[in-house]
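A.B. asks: Below is a structure I'd like to ask you about.
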Amino acid sequence: MTTSNTDDNSTAAADPSPQRAARRWLSGPAALAYAVAIVGAVVAAVATPLWDHVTKSFFDEPTCPGAACEGKNPQNQGCGEDARTFKPAVNNPALLQIRYSEDCTAVWARIEHGRPGDMVTVKVSGGTMRSADVEYGDDKFTSMAVVPDGDFQVAACVIPKPGGGSTFERYCIQATEATAWR
């Protein structure tokens, strides 16, 4: 007696369906290898910038100490890491502040509550003056102005854009090395 097999899988081995091939390909060791590769890529993408920031903040010196900082962006130079702030709590409607980095021997000014077109300036007595306009949003900081080692005097001012909608008038704050920096 001859029996015929209706479940003949001889064509399945020669021509597997794409779903069956994908299941076999993504199972066992291959799936584990792909999972490890994906997790490793995500961890590297997140950890590398974080590690760079941590090592820079603990081990790196500012990239521009002293005169080399003149006119540069304090954030790009690492000068914000040790910076201390003077920000008067009263009569300061635009929240003007002066930032001072002892490591960089430089100061810069920042406005927190301005409007586009408002100007913030910083002037070192006997030194340079830097200014910046609020371009968008409500805050902006100037580039750095180098201060001498030892005693210095600095003034920061905010000048509202005429007709720009700011509710304050031009005003300035002053600080010295002996100021109560926070």
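Scheme for the structure tokens: letters A, B, ... for chains in order shown; per-chain residue numbers from 1; ligand numbers from 1 in order shown.
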So that I can check the surroundings of region 167-174 of chain A, please list as a ChimeraX atom specification every protein, DNA and RNA residue that reaches within 6 Å of it, counting only C-alpha atoms and ignoring chain neighbours fewer than 5 positions away.
C.D. replies: /A:154-159
A.B. asks: Would you give me, as a PyMOL selection string, the residues in region 74-171 of chain A that DSSP reads as strand (DSSP E or B)?
C.D. replies: chain A and resi 84-86+96-101+106-111+119-124+129-133+140-141+145-146+153-159+171
A.B. asks: Compare A:Gln153, A:Thr105, A:Ser166, A:Thr176 by their minimum atom-to-atom distance to Met119 (chain A), counting only C-alpha atoms, and give me the closest one.
C.D. replies: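 So, comparing all the options, the nearest one is A:Ser166.
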A.B. asks: Looking at only C-alpha atoms, which of A:Ala175, A:Val122, A:Ile98, A:Ala30 is the one that sits closest to Phe152 (chain A)?
C.D. replies: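 Among A:Ala175, A:Val122, A:Ile98, A:Ala30, it is A:Ala175 that comes nearest to Phe152 (chain A).
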A.B. asks: Do a neighbour search on Gly163 (chain A) at 12 Å with only C-alpha atoms, toss out local chain neighbours closer than 6 positions, and write the hits as number ranges by chain.
C.D. replies: A: 115-118, 169
A.B. asks: Using only C-alpha atoms, which of the listed residues (A:Glu102, A:Asp139, A:Ala180, A:Gly165) sits closest to Gly66 (chain A)?
C.D. replies: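 When distances to Gly66 (chain A) are compared using only C-alpha atoms, the smallest one comes from A:Glu102.
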A.B. asks: Would you work out the distance separating CA of Leu32 (chain A) from CA of Ala45 (chain A), expressed in Å to one decimal?
C.D. replies: 20.0 Å
A.B. asks: Quick one, how far is CA of Ala106 (chain A) from CA of Met144 (chain A)?
C.D. replies: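 Distance reported for this atom pair: 5.9 Å.
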A.B. asks: Which residue out of A:Val42, A:Cys69, A:Ala35, A:Ala145 has the minimum interatomic distance to Ser125 (chain A) when only C-alpha atoms are used?
C.D. replies: A:Ala145
A.B. asks: Quick one: pull the distance between CA of Gly40 (chain A) and CA of Gly78 (chain A), Å, one decimal.
C.D. replies: 29.2 Å
